[in-house]
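Structure file input_31.csv with CSV, C-alpha atoms:
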chain,number,residue,atom,x,y,z
A,11,MET,CA,-29.7,4.4,30.7
A,12,SER,CA,-28.8,6.8,33.5
A,13,LYS,CA,-28.4,10.5,32.6
A,14,VAL,CA,-25.2,11.7,34.2
A,15,GLN,CA,-24.4,15.4,34.9
A,16,THR,CA,-20.7,15.6,34.6
A,17,GLY,CA,-20.0,18.9,32.8
A,18,LYS,CA,-19.8,21.0,35.9
A,19,ASN,CA,-16.9,18.9,37.2
A,20,VAL,CA,-14.5,19.6,34.3
A,21,ASN,CA,-11.9,22.2,34.6
A,22,LEU,CA,-11.2,23.1,31.0
A,23,GLU,CA,-8.1,25.1,31.6
A,24,LYS,CA,-6.6,22.2,33.5
A,25,VAL,CA,-7.5,19.8,30.8
A,26,GLN,CA,-6.2,22.1,28.1
A,27,THR,CA,-2.8,22.4,29.9
A,28,ARG,CA,-2.5,18.7,30.1
A,29,ILE,CA,-3.4,18.3,26.5
A,30,GLU,CA,-0.7,20.7,25.4
A,31,ASN,CA,1.9,18.9,27.5
A,32,HIS,CA,0.8,15.5,25.9
A,33,ILE,CA,1.0,16.9,22.4
A,34,ASP,CA,4.3,18.7,22.9
A,35,THR,CA,5.9,15.6,24.5
A,36,LEU,CA,4.6,13.2,21.8
A,37,SER,CA,5.9,15.6,19.1
A,38,THR,CA,9.4,15.1,20.3
A,39,TYR,CA,9.3,11.4,19.3
A,40,THR,CA,10.1,12.0,15.7
A,41,ALA,CA,12.8,10.7,13.3
A,42,THR,CA,12.9,14.2,11.7
A,43,PRO,CA,13.4,16.9,14.4
A,44,GLY,CA,12.6,20.3,13.1
A,45,ARG,CA,11.0,18.9,9.9
A,46,GLY,CA,7.7,17.6,11.3
A,47,THR,CA,6.6,14.3,12.9
A,48,THR,CA,7.9,11.1,11.4
A,49,ARG,CA,6.9,8.2,13.6
A,50,LEU,CA,6.6,5.0,11.7
A,51,THR,CA,5.1,1.9,13.2
A,52,TYR,CA,7.5,-0.3,15.3
A,53,SER,CA,10.3,2.3,15.0
A,54,GLN,CA,12.3,3.6,17.9
A,55,GLU,CA,10.1,6.7,17.9
A,56,ASP,CA,7.0,4.4,18.1
A,57,LEU,CA,8.6,2.7,21.1
A,58,LEU,CA,9.2,6.1,22.9
A,59,ALA,CA,5.6,7.2,22.2
A,60,ARG,CA,4.1,3.9,23.4
A,61,GLN,CA,6.1,4.1,26.6
A,62,TYR,CA,4.8,7.6,27.3
A,63,ILE,CA,1.2,6.6,26.4
A,64,LYS,CA,1.3,3.5,28.7
A,65,GLU,CA,2.8,5.6,31.5
A,66,LYS,CA,-0.1,8.1,31.2
A,67,MET,CA,-2.6,5.3,31.1
A,68,LYS,CA,-1.3,3.9,34.4
A,69,GLU,CA,-1.3,7.4,35.9
A,70,ALA,CA,-5.1,7.5,35.1
A,71,GLY,CA,-5.6,4.3,37.0
A,72,LEU,CA,-5.9,2.1,33.9
A,73,SER,CA,-4.6,-1.5,33.5
A,74,VAL,CA,-2.4,-1.6,30.4
A,75,ARG,CA,-1.9,-4.3,27.8
A,76,GLU,CA,-0.8,-4.6,24.1
A,77,ASP,CA,-2.1,-7.1,21.6
A,78,GLY,CA,-0.3,-9.0,18.9
A,79,LEU,CA,-0.4,-6.0,16.6
A,80,GLY,CA,1.1,-3.6,19.1
A,81,ASN,CA,-2.2,-1.8,19.7
A,82,ILE,CA,-2.3,-0.4,23.3
A,83,PHE,CA,-5.3,-0.6,25.6
A,84,GLY,CA,-5.7,1.0,29.0
A,85,LYS,CA,-8.8,-0.3,30.8
A,86,LEU,CA,-10.9,0.9,33.6
A,87,GLU,CA,-12.9,-2.1,34.8
A,88,GLY,CA,-16.7,-1.9,35.1
A,89,SER,CA,-18.9,-3.3,37.8
A,90,LEU,CA,-20.7,-5.7,35.3
A,91,LYS,CA,-19.0,-9.0,34.8
A,92,ASP,CA,-17.7,-9.7,31.3
A,93,ALA,CA,-19.4,-6.6,30.0
A,94,PRO,CA,-18.3,-5.0,26.7
A,95,SER,CA,-16.1,-2.0,26.8
A,96,VAL,CA,-16.6,1.6,25.5
A,97,LEU,CA,-13.4,2.4,23.5
A,98,VAL,CA,-12.1,6.0,23.2
A,99,GLY,CA,-8.9,6.7,21.2
A,100,SER,CA,-7.2,7.0,17.8
A,101,HIS,CA,-3.8,6.2,16.2
A,102,PHE,CA,-0.3,7.4,17.1
A,103,ASP,CA,1.7,6.7,14.0
A,104,SER,CA,2.4,9.4,11.4
A,105,VAL,CA,3.1,10.1,7.8
A,106,PRO,CA,6.7,11.1,6.9
A,107,ASN,CA,7.3,14.7,7.9
A,108,GLY,CA,3.7,15.1,9.1
A,109,GLY,CA,2.1,17.0,12.0
A,110,ALA,CA,1.8,16.6,15.7
A,111,TYR,CA,-2.0,16.4,15.9
A,112,ASP,CA,-3.2,13.8,13.3
A,113,GLY,CA,-3.9,10.8,15.5
A,114,PRO,CA,-2.2,11.8,18.8
A,115,ALA,CA,-5.0,14.4,19.4
A,116,GLY,CA,-7.4,11.5,19.6
A,117,VAL,CA,-5.2,9.4,21.8
A,118,VAL,CA,-4.7,12.3,24.1
A,119,ALA,CA,-8.4,12.8,24.2
A,120,GLY,CA,-8.9,9.3,25.3
A,121,LEU,CA,-6.3,9.7,28.1
A,122,GLU,CA,-8.1,12.9,29.2
A,123,VAL,CA,-11.5,11.2,29.3
A,124,ALA,CA,-10.0,8.5,31.5
A,125,LYS,CA,-8.4,11.1,33.7
A,126,LEU,CA,-11.8,12.9,34.1
A,127,PHE,CA,-13.4,9.6,35.1
A,128,ALA,CA,-10.7,9.3,37.8
A,129,GLU,CA,-11.0,13.0,38.9
A,130,ASN,CA,-14.8,12.8,39.2
A,131,GLY,CA,-14.7,9.4,41.0
A,132,LEU,CA,-16.9,7.8,38.3
A,133,ALA,CA,-17.5,4.1,38.6
A,134,PRO,CA,-18.6,2.7,35.3
A,135,LYS,CA,-20.9,-0.3,34.9
A,136,TYR,CA,-19.4,-1.1,31.4
A,137,PRO,CA,-15.6,-0.8,31.2
A,138,LEU,CA,-13.9,2.2,29.7
A,139,GLU,CA,-10.9,1.6,27.5
A,140,VAL,CA,-8.5,4.1,26.0
A,141,VAL,CA,-7.0,2.7,22.8
A,142,ALA,CA,-3.9,3.8,20.9
A,143,LEU,CA,-3.8,2.2,17.4
A,144,ILE,CA,-0.9,1.4,15.1
A,145,GLU,CA,-0.3,1.9,11.4
A,146,GLU,CA,-3.4,3.9,10.5
A,147,GLU,CA,-1.5,5.8,8.0
A,148,GLY,CA,0.1,2.8,6.2
A,149,SER,CA,3.3,4.8,5.9
A,150,ARG,CA,5.6,1.8,6.7
A,151,PHE,CA,3.8,-1.4,5.7
A,152,GLY,CA,1.2,-0.1,3.3
A,153,GLY,CA,-2.6,-0.4,3.1
A,154,GLY,CA,-3.3,1.6,6.2
A,155,LEU,CA,-5.8,1.1,9.1
A,156,MET,CA,-3.8,-2.0,10.1
A,157,GLY,CA,-4.4,-1.7,13.9
A,158,SER,CA,-8.2,-1.5,13.5
A,159,ARG,CA,-8.4,-4.0,10.6
A,160,GLY,CA,-6.4,-6.5,12.7
A,161,MET,CA,-8.6,-5.9,15.7
A,162,ALA,CA,-11.7,-6.4,13.6
A,163,GLY,CA,-10.4,-9.7,12.1
A,164,LEU,CA,-10.0,-8.2,8.6
A,165,LEU,CA,-6.3,-8.9,8.5
A,166,THR,CA,-5.3,-12.6,8.5
A,167,GLU,CA,-2.3,-13.8,10.5
A,168,GLU,CA,-0.7,-14.9,7.2
A,169,ASP,CA,-1.3,-11.5,5.6
A,170,PHE,CA,0.1,-9.7,8.6
A,171,LYS,CA,3.3,-11.8,8.6
A,172,THR,CA,4.0,-11.3,4.9
A,173,LEU,CA,3.8,-7.5,5.1
A,174,LYS,CA,7.2,-5.9,4.6
A,175,ASP,CA,8.5,-2.3,4.6
A,176,LYS,CA,10.6,-0.7,1.8
A,177,ASP,CA,13.7,-2.2,3.3
A,178,GLY,CA,12.3,-5.7,3.3
A,179,ILE,CA,11.8,-5.8,7.1
A,180,THR,CA,8.7,-7.8,8.0
A,181,THR,CA,6.1,-6.8,10.6
A,182,VAL,CA,7.2,-9.6,12.9
A,183,GLU,CA,10.9,-8.6,12.7
A,184,ALA,CA,10.1,-5.0,13.4
A,185,MET,CA,7.8,-5.8,16.3
A,186,GLU,CA,10.4,-8.0,18.0
A,187,LYS,CA,13.1,-5.4,17.5
A,188,ILE,CA,11.2,-3.0,19.9
A,189,GLY,CA,10.2,-5.8,22.3
A,190,LEU,CA,6.7,-6.4,21.2
A,191,ASP,CA,5.1,-9.9,21.0
A,192,PRO,CA,3.6,-10.7,17.6
A,193,SER,CA,2.4,-14.1,18.9
A,194,LEU,CA,-0.3,-12.5,21.1
A,195,PRO,CA,-3.9,-12.5,19.8
A,196,LYS,CA,-4.7,-9.9,17.2
A,197,ALA,CA,-8.4,-10.1,16.4
A,198,ARG,CA,-10.7,-9.1,19.2
A,199,ASP,CA,-14.1,-10.6,20.0
A,200,GLN,CA,-16.8,-8.2,18.7
A,201,LYS,CA,-18.9,-9.0,21.7
A,202,SER,CA,-16.2,-7.4,24.0
A,203,VAL,CA,-16.7,-3.9,22.5
A,204,LYS,CA,-19.9,-1.8,23.1
A,205,ALA,CA,-18.9,1.3,21.3
A,206,TYR,CA,-15.9,3.2,19.8
A,207,LEU,CA,-15.5,7.0,20.0
A,208,GLU,CA,-12.8,8.9,18.1
A,209,LEU,CA,-11.7,12.5,18.1
A,210,HIS,CA,-9.6,13.7,15.1
A,211,ILE,CA,-8.5,17.0,13.6
A,212,GLU,CA,-10.6,17.8,10.5
A,213,GLN,CA,-7.7,18.0,8.1
A,214,GLY,CA,-9.7,20.4,6.0
A,215,PRO,CA,-10.9,24.0,6.1
A,216,ILE,CA,-14.7,23.8,6.7
A,217,LEU,CA,-14.9,24.2,10.5
A,218,GLU,CA,-12.4,27.0,10.6
A,219,GLU,CA,-14.1,28.8,7.8
A,220,LYS,CA,-17.5,28.5,9.6
A,221,ASN,CA,-15.9,29.4,12.9
A,222,ILE,CA,-17.5,26.3,14.5
A,223,PRO,CA,-15.5,24.3,17.1
A,224,ILE,CA,-17.0,20.9,16.8
A,225,GLY,CA,-17.7,18.7,13.7
A,226,ILE,CA,-19.9,15.7,14.2
A,227,VAL,CA,-19.1,13.1,11.6
A,228,GLU,CA,-22.1,11.4,10.0
A,229,ALA,CA,-20.2,9.4,7.3
A,230,ILE,CA,-16.7,8.7,6.1
A,231,VAL,CA,-15.9,8.4,2.4
A,232,GLY,CA,-15.0,5.1,0.8
A,233,LEU,CA,-11.4,4.6,-0.3
A,234,THR,CA,-9.2,2.2,-2.0
A,235,GLN,CA,-5.5,2.0,-2.4
A,236,LEU,CA,-3.8,0.5,-5.4
A,237,GLU,CA,-0.2,-0.4,-5.9
A,238,VAL,CA,0.9,-0.3,-9.5
A,239,THR,CA,4.2,-1.9,-10.6
A,240,VAL,CA,5.6,-1.0,-14.1
A,241,LYS,CA,8.4,-3.2,-15.4
A,242,GLY,CA,10.5,-2.2,-18.4
A,243,GLN,CA,14.1,-2.6,-19.4
A,244,ALA,CA,17.1,-0.8,-18.0
A,245,GLY,CA,19.6,0.7,-20.4
A,246,HIS,CA,22.2,3.4,-20.8
A,247,ALA,CA,20.8,6.9,-20.8
A,248,GLY,CA,23.2,8.0,-23.5
A,249,THR,CA,23.4,5.1,-25.9
A,250,THR,CA,19.8,3.8,-26.0
A,251,PRO,CA,17.8,5.5,-28.8
A,252,MET,CA,14.4,7.0,-27.7
A,253,ASP,CA,12.5,4.7,-30.0
A,254,ARG,CA,14.2,1.6,-28.6
A,255,ARG,CA,13.4,2.2,-24.9
A,256,SER,CA,11.0,0.4,-22.5
A,257,ASP,CA,11.1,3.1,-19.9
A,258,ALA,CA,9.1,2.2,-16.8
A,259,LEU,CA,9.1,5.7,-15.4
A,260,VAL,CA,7.8,7.3,-18.6
A,261,ALA,CA,4.9,4.8,-18.6
A,262,ALA,CA,4.2,5.4,-15.0
A,263,ALA,CA,4.2,9.2,-15.5
A,264,GLY,CA,1.9,8.8,-18.4
A,265,MET,CA,-0.6,6.9,-16.3
A,266,ILE,CA,-0.4,9.3,-13.4
A,267,ALA,CA,-1.0,12.3,-15.7
A,268,HIS,CA,-4.4,10.9,-16.5
A,269,PHE,CA,-5.6,10.6,-12.9
A,270,PRO,CA,-6.9,14.1,-12.4
A,271,GLY,CA,-9.1,13.6,-15.5
A,272,LEU,CA,-10.4,10.3,-14.1
A,273,ALA,CA,-11.5,12.1,-10.9
A,274,ALA,CA,-13.0,15.0,-12.7
A,275,ALA,CA,-15.1,12.7,-14.9
A,276,GLU,CA,-16.6,11.1,-11.8
A,277,GLY,CA,-17.3,14.4,-10.0
A,278,ASP,CA,-19.1,14.4,-6.6
A,279,GLY,CA,-15.9,15.2,-4.8
A,280,THR,CA,-14.1,12.1,-6.2
A,281,VAL,CA,-10.3,12.5,-5.7
A,282,VAL,CA,-7.3,10.4,-7.0
A,283,THR,CA,-3.8,10.8,-5.6
A,284,THR,CA,-0.4,9.3,-6.2
A,285,GLY,CA,1.6,10.1,-3.1
A,286,ARG,CA,4.3,7.4,-3.3
A,287,LEU,CA,6.6,6.7,-6.2
A,288,GLN,CA,9.7,4.4,-6.2
A,289,VAL,CA,12.0,4.2,-9.2
A,290,TYR,CA,14.6,1.5,-9.8
A,291,PRO,CA,17.5,1.4,-10.1
A,292,ASN,CA,17.2,5.1,-9.4
A,293,GLY,CA,20.3,6.2,-11.2
A,294,ALA,CA,20.7,9.5,-13.0
A,295,ASN,CA,22.1,7.9,-16.1
A,296,VAL,CA,20.1,4.7,-16.2
A,297,ILE,CA,16.7,4.2,-17.9
A,298,PRO,CA,14.4,3.0,-15.1
A,299,ASP,CA,13.5,-0.7,-15.4
A,300,GLN,CA,10.8,-0.6,-12.7
A,301,THR,CA,8.6,1.9,-11.0
A,302,VAL,CA,6.1,1.2,-8.2
A,303,PHE,CA,3.5,3.9,-7.3
A,304,SER,CA,0.4,4.2,-5.1
A,305,VAL,CA,-3.0,5.3,-6.3
A,306,ASP,CA,-5.4,6.5,-3.5
A,307,ILE,CA,-9.0,6.8,-4.7
A,308,ARG,CA,-11.8,8.3,-2.5
A,309,SER,CA,-15.4,9.2,-3.0
A,310,GLY,CA,-18.6,9.4,-1.0
A,311,LYS,CA,-20.2,7.1,-3.5
A,312,GLU,CA,-19.0,3.6,-4.0
A,313,GLU,CA,-19.8,3.6,-7.7
A,314,HIS,CA,-17.3,6.4,-8.3
A,315,VAL,CA,-14.5,4.4,-6.6
A,316,GLN,CA,-15.3,1.3,-8.6
A,317,ASN,CA,-15.4,3.3,-11.9
A,318,VAL,CA,-11.9,4.8,-11.2
A,319,ILE,CA,-10.5,1.4,-10.3
A,320,ARG,CA,-11.9,0.1,-13.6
A,321,ARG,CA,-10.5,3.0,-15.6
A,322,VAL,CA,-7.0,2.7,-14.0
A,323,LYS,CA,-6.9,-1.0,-15.0
A,324,GLU,CA,-8.0,-0.1,-18.6
A,325,LEU,CA,-5.3,2.6,-18.7
A,326,ALA,CA,-2.7,0.0,-17.6
A,327,GLU,CA,-3.9,-2.4,-20.4
A,328,SER,CA,-3.3,0.3,-22.9
A,329,TYR,CA,0.5,0.3,-22.2
A,330,HIS,CA,1.0,-3.4,-22.8
A,331,ASP,CA,2.1,-2.9,-26.4
A,332,SER,CA,4.7,-0.3,-25.4
A,333,GLY,CA,7.3,-2.7,-24.1
A,334,VAL,CA,6.4,-2.5,-20.4
A,335,GLU,CA,4.5,-4.9,-18.2
A,336,ILE,CA,2.0,-3.4,-15.7
A,337,THR,CA,0.5,-5.2,-12.7
A,338,ILE,CA,-2.0,-3.8,-10.1
A,339,GLU,CA,-2.6,-4.9,-6.6
A,340,GLN,CA,-5.3,-3.6,-4.3
A,341,PRO,CA,-4.1,-3.8,-0.6
A,342,LEU,CA,-7.0,-1.8,0.7
A,343,TYR,CA,-10.7,-1.4,-0.1
A,344,ILE,CA,-13.2,0.1,2.2
A,345,GLN,CA,-16.8,1.2,1.3
A,346,PRO,CA,-18.2,4.5,2.4
A,347,LYS,CA,-19.3,4.1,6.0
A,348,GLU,CA,-22.1,5.8,8.1
A,349,MET,CA,-21.5,6.5,11.8
A,350,ASN,CA,-24.0,5.0,14.2
A,351,LYS,CA,-27.1,7.2,14.3
A,352,GLU,CA,-27.6,6.8,18.0
A,353,ILE,CA,-24.0,7.8,18.8
A,354,VAL,CA,-24.3,10.7,16.4
A,355,SER,CA,-27.4,11.9,18.2
A,356,LEU,CA,-25.7,11.4,21.6
A,357,LEU,CA,-22.7,13.5,20.5
A,358,LYS,CA,-25.0,16.3,19.2
A,359,GLU,CA,-27.0,16.2,22.4
A,360,LYS,CA,-23.9,16.5,24.6
A,361,SER,CA,-22.4,19.3,22.4
A,362,SER,CA,-25.6,21.3,22.6
A,363,LYS,CA,-25.9,20.7,26.3
A,364,LEU,CA,-22.4,22.1,26.9
A,365,GLY,CA,-23.0,25.1,24.7
A,366,TYR,CA,-20.6,24.1,21.9
A,367,PRO,CA,-21.8,24.9,18.4
A,368,SER,CA,-21.5,21.8,16.2
A,369,TYR,CA,-21.7,21.1,12.5
A,370,PRO,CA,-22.8,17.8,10.8
A,371,MET,CA,-20.2,16.7,8.2
A,372,ASN,CA,-18.7,13.9,6.2
A,373,SER,CA,-15.0,13.0,6.4
A,374,GLY,CA,-13.0,13.0,3.2
A,375,ALA,CA,-10.2,11.2,5.0
A,376,GLY,CA,-10.1,7.6,6.0
A,377,HIS,CA,-10.0,6.8,9.8
A,378,ASP,CA,-10.0,3.8,12.0
A,379,ALA,CA,-13.6,4.7,12.8
A,380,MET,CA,-14.6,3.6,9.3
A,381,VAL,CA,-13.3,0.1,10.1
A,382,PHE,CA,-15.1,0.0,13.5
A,383,ALA,CA,-18.3,1.2,11.9
A,384,ASP,CA,-19.0,-2.4,10.8
A,385,TYR,CA,-17.6,-3.8,14.0
A,386,THR,CA,-19.4,-1.8,16.8
A,387,SER,CA,-21.4,1.4,17.4
A,388,THR,CA,-19.1,4.1,16.3
A,389,GLY,CA,-19.0,7.9,16.5
A,390,MET,CA,-16.5,10.6,15.6
A,391,LEU,CA,-15.8,14.2,16.4
A,392,PHE,CA,-13.7,16.7,14.4
A,393,ILE,CA,-12.1,19.8,15.6
A,394,PRO,CA,-10.8,22.6,13.3
A,395,SER,CA,-7.5,22.5,11.5
A,396,LYS,CA,-5.6,25.8,11.1
A,397,ASN,CA,-5.8,26.8,7.4
A,398,GLY,CA,-7.1,23.3,6.7
A,399,LEU,CA,-3.6,21.9,6.7
A,400,SER,CA,-2.6,18.3,7.7
A,401,HIS,CA,0.1,15.8,6.9
A,402,CYS,CA,2.7,18.5,7.1
A,403,PRO,CA,4.8,20.2,9.8
A,404,GLU,CA,2.4,23.2,9.8
A,405,GLU,CA,-0.5,21.1,11.0
A,406,TRP,CA,-2.0,22.7,14.1
A,407,SER,CA,-5.2,22.7,16.1
A,408,ASP,CA,-6.2,24.7,19.1
A,409,SER,CA,-5.8,22.9,22.4
A,410,ARG,CA,-8.9,24.6,23.6
A,411,HIS,CA,-10.9,23.0,20.9
A,412,ILE,CA,-9.5,19.6,21.9
A,413,ALA,CA,-10.4,20.2,25.5
A,414,GLU,CA,-14.0,21.1,24.5
A,415,ALA,CA,-14.2,17.9,22.4
A,416,VAL,CA,-12.8,15.9,25.4
A,417,GLN,CA,-15.7,17.3,27.5
A,418,ILE,CA,-18.2,16.1,25.0
A,419,LEU,CA,-16.6,12.7,24.8
A,420,PHE,CA,-16.4,12.5,28.6
A,421,GLU,CA,-20.2,13.1,28.8
A,422,ALA,CA,-20.9,10.6,26.1
A,423,ALA,CA,-18.6,8.0,27.5
A,424,ALA,CA,-20.0,8.4,31.0
A,425,GLU,CA,-23.5,7.8,29.6
A,426,LEU,CA,-22.4,4.8,27.4
A,427,THR,CA,-20.7,3.2,30.3
A,428,GLU,CA,-23.6,4.2,32.6
A,429,ALA,CA,-21.0,5.7,35.0
A,430,GLU,CA,-22.2,6.9,38.4

Go through the file and emit its structure as structure tokens.
Amino acid sequence: MSKVQTGKNVNLEKVQTRIENHIDTLSTYTATPGRGTTRLTYSQEDLLARQYIKEKMKEAGLSVREDGLGNIFGKLEGSLKDAPSVLVGSHFDSVPNGGAYDGPAGVVAGLEVAKLFAENGLAPKYPLEVVALIEEEGSRFGGGLMGSRGMAGLLTEEDFKTLKDKDGITTVEAMEKIGLDPSLPKARDQKSVKAYLELHIEQGPILEEKNIPIGIVEAIVGLTQLEVTVKGQAGHAGTTPMDRRSDALVAAAGMIAHFPGLAAAEGDGTVVTTGRLQVYPNGANVIPDQTVFSVDIRSGKEEHVQNVIRRVKELAESYHDSGVEITIEQPLYIQPKEMNKEIVSLLKEKSSKLGYPSYPMNSGAGHDAMVFADYTSTGMLFIPSKNGLSHCPEEWSDSRHIAEAVQILFEAAAELTEAE
């Protein structure tokens, strides 16, 4: 593999300015102006963001296409015929009222890597592709990591078509509404991908507290998401005695109150979160007859995840004599994943060569990189998050740190594509 010397040809100030412009522009594509970024998959905000991303891909000299999931690819062809591509990117959807950096920072990094290839006149042997992935957060259709799972063949066509949002709109209906073609191929041949590189904000306090600009991810925690449905009996809030109620919300609240204890019992950084709760019929004077809530379970050790799943199911069983019926579905389960050791070493080498201090770390959040870890050689960089905040309007990362990470990714991508 050729050793390229590209660092001296990167104007960090210029890259930083472009990054700020990208982030600022993408942040305007939100359904909640002034209250953070809300950009749900296949929404009008998604459409505006994808139009911008595709435009910038073309400006960098890339050929652009979308797959049957709506993932966006911008490709710089290589000199080798039918050679696998080096992918650089992240996702561009958001959580409701989230921040401007979670996901877009990585997409922007990919755009800038491609721009630096063009500015330096690099001709790769293996193709370079910038990728912008959909529905990583799972905020609209649930489960999360949908773009990468679909690419990797882990989401069947039938499963994709049956997914619906809270309003009953299917993925196919939502795609067609913004002009996407769900009939296009979704899964991508593994042989067509040589490596996947992703930049992401840390979403935690470690790098900022250590005053280190670059985190090199060595592993990503395992996670599962459960969807719990509690069915009871609706009734009048004033005329139904307390001992005659089958209150779905009371049962759900009782279960949720146990979750911190389940996490503490496992230890080793195990966390359990309920972030979504829907109550039906949601009337102030009506006893709820149904609640649906999420359970997000994460740990660096698979045994802890499995133990919590088992105990949540046991907890559900304990309510069956209280007049409610509880069912549990598991839309997502991903084991803890290690990043490719050679890619990790390459990123450490490039970071050191460029004079950027780095810190080896694990990710407590799930990322598309954890799906790609079983699919291709995968590596991931973190940059600091101000006050460790993410998934909120206050989320912020320094554009200088993003520019420095871009330079590392540029060096690594140049070597992986054997660009000259």

Q | Distance query segment 75-84 of chain A at most 8 Å, all atoms listed in the file, self and fewer than 6 positions along chain excluded, as JSON, numbers by chain | A | {"A": [60, 64, 67, 68, 139, 140, 141, 142, 143, 144, 157, 160, 185, 190, 191, 192, 193, 194, 195, 196]}

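Closest approach to Tyr369 of chain A among A:Asp103, A:Glu212, A:Glu352, A:Asp199: A:Glu212, based on only C-alpha atoms.
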
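Residues in contact with Ser53 of chain A at up to 9 Å, not including ones fewer than 4 positions away on its chain and judged by all atoms listed in the file, are A:Ala41, A:Arg49, A:Leu57, A:Leu58, A:Ala184, A:Met185, A:Lys187, A:Ile188.
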
Write the residues of the preceding selection, restricted to C-alpha atoms, as a JSON list (two decimals), in the frame of the given file.
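Written out: part.json:
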[["chain", "number", "residue", "atom", "x", "y", "z"],
["A", 41, "ALA", "CA", 12.80, 10.70, 13.30],
["A", 49, "ARG", "CA", 6.90, 8.20, 13.60],
["A", 57, "LEU", "CA", 8.60, 2.70, 21.10],
["A", 58, "LEU", "CA", 9.20, 6.10, 22.90],
["A", 184, "ALA", "CA", 10.10, -5.00, 13.40],
["A", 185, "MET", "CA", 7.80, -5.80, 16.30],
["A", 187, "LYS", "CA", 13.10, -5.40, 17.50],
["A", 188, "ILE", "CA", 11.20, -3.00, 19.90]]

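Counting only C-alpha atoms, Lys396 of chain A has the following residues at most 8 Å away, ignoring those fewer than 6 positions along the same chain: Pro215, Glu218, Glu405, Trp406 and Ser407 of chain A.
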
Q.
Excluding segment 235-248 of chain A and its own-chain neighbours fewer than 6 positions away, which residues fall within 6 Å of it when counting only C-alpha atoms? Please give them as a ChimeraX atom specification.
A. /A:256-258,295-306,334-340,342

Output of the above residues as a PDB file, keeping the file's coordinate frame, restricted to C-alpha atoms:
ATOM      1  CA  SER A 256      11.000   0.400 -22.500  1.00  0.00           C
ATOM      2  CA  ASP A 257      11.100   3.100 -19.900  1.00  0.00           C
ATOM      3  CA  ALA A 258       9.100   2.200 -16.800  1.00  0.00           C
ATOM      4  CA  ASN A 295      22.100   7.900 -16.100  1.00  0.00           C
ATOM      5  CA  VAL A 296      20.100   4.700 -16.200  1.00  0.00           C
ATOM      6  CA  ILE A 297      16.700   4.200 -17.900  1.00  0.00           C
ATOM      7  CA  PRO A 298      14.400   3.000 -15.100  1.00  0.00           C
ATOM      8  CA  ASP A 299      13.500  -0.700 -15.400  1.00  0.00           C
ATOM      9  CA  GLN A 300      10.800  -0.600 -12.700  1.00  0.00           C
ATOM     10  CA  THR A 301       8.600   1.900 -11.000  1.00  0.00           C
ATOM     11  CA  VAL A 302       6.100   1.200  -8.200  1.00  0.00           C
ATOM     12  CA  PHE A 303       3.500   3.900  -7.300  1.00  0.00           C
ATOM     13  CA  SER A 304       0.400   4.200  -5.100  1.00  0.00           C
ATOM     14  CA  VAL A 305      -3.000   5.300  -6.300  1.00  0.00           C
ATOM     15  CA  ASP A 306      -5.400   6.500  -3.500  1.00  0.00           C
ATOM     16  CA  VAL A 334       6.400  -2.500 -20.400  1.00  0.00           C
ATOM     17  CA  GLU A 335       4.500  -4.900 -18.200  1.00  0.00           C
ATOM     18  CA  ILE A 336       2.000  -3.400 -15.700  1.00  0.00           C
ATOM     19  CA  THR A 337       0.500  -5.200 -12.700  1.00  0.00           C
ATOM     20  CA  ILE A 338      -2.000  -3.800 -10.100  1.00  0.00           C
ATOM     21  CA  GLU A 339      -2.600  -4.900  -6.600  1.00  0.00           C
ATOM     22  CA  GLN A 340      -5.300  -3.600  -4.300  1.00  0.00           C
ATOM     23  CA  LEU A 342      -7.000  -1.800   0.700  1.00  0.00           C
TER      24      LEU A 342
END

Q: Around the point (-23.1, 11.2, 17.9), in the coordinates given by the file, pick out the residues reaching within 9 Å, counting only C-alpha atoms, and return them as a ChimeraX atom specification.
A: /A:207,226-228,349-360,388-391,422

(Q) My list of candidates is A:Glu147, A:Asp253, A:Glu404, A:Asp378. Which is closest to Ser332 of chain A when distances are computed with all atoms listed in the file? (A) A:Asp253

Q: Could you give me, as JSON, numbers by chain, the residues that sit within 7 Å of (-6.5, 16.3, 20.5) in the file's coordinates, counting all atoms listed in the file?
A: {"A": [111, 114, 115, 116, 118, 119, 209, 210, 409, 412]}

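Using all atoms listed in the file, the smallest distance between any of A:Ile179, A:Ala162, A:Leu364, A:Val318 and Ala274 of chain A comes from A:Val318.
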
Q: Rank A:Glu324, A:Glu122, A:Glu55, A:Asp92 by their smallest atom-to-atom distance to Ser202 of chain A, using only C-alpha atoms, and report the top residue only.
A: A:Asp92

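When atom CA of Lys91 of chain A is paired with atom CA of Pro134 of chain A, their separation reads 11.7 Å.
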
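The space separating atom CA of Glu186 of chain A from atom CA of Val105 of chain A comes to 22.0 Å.
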
Excluding Gly374 of chain A and its own-chain neighbours fewer than 5 positions away, which residues fall within 8 Å of it when counting only C-alpha atoms? Please give them as a short mmCIF file (atom, residue, chain, number, x, y, z; two decimals) with C-alpha atoms, in the coordinates of the input.
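Now in result-v7.cif:
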data_model
loop_
_atom_site.label_atom_id
_atom_site.label_comp_id
_atom_site.auth_asym_id
_atom_site.auth_seq_id
_atom_site.Cartn_x
_atom_site.Cartn_y
_atom_site.Cartn_z
CA ILE A 230 -16.70 8.70 6.10
CA VAL A 231 -15.90 8.40 2.40
CA ARG A 308 -11.80 8.30 -2.50
CA SER A 309 -15.40 9.20 -3.00
CA GLY A 310 -18.60 9.40 -1.00
#

Q) Nearest to Ile33 of chain A: which of A:Tyr52, A:Pro94, A:Asp112, A:Val123 is it, counting all atoms listed in the file? A) A:Asp112
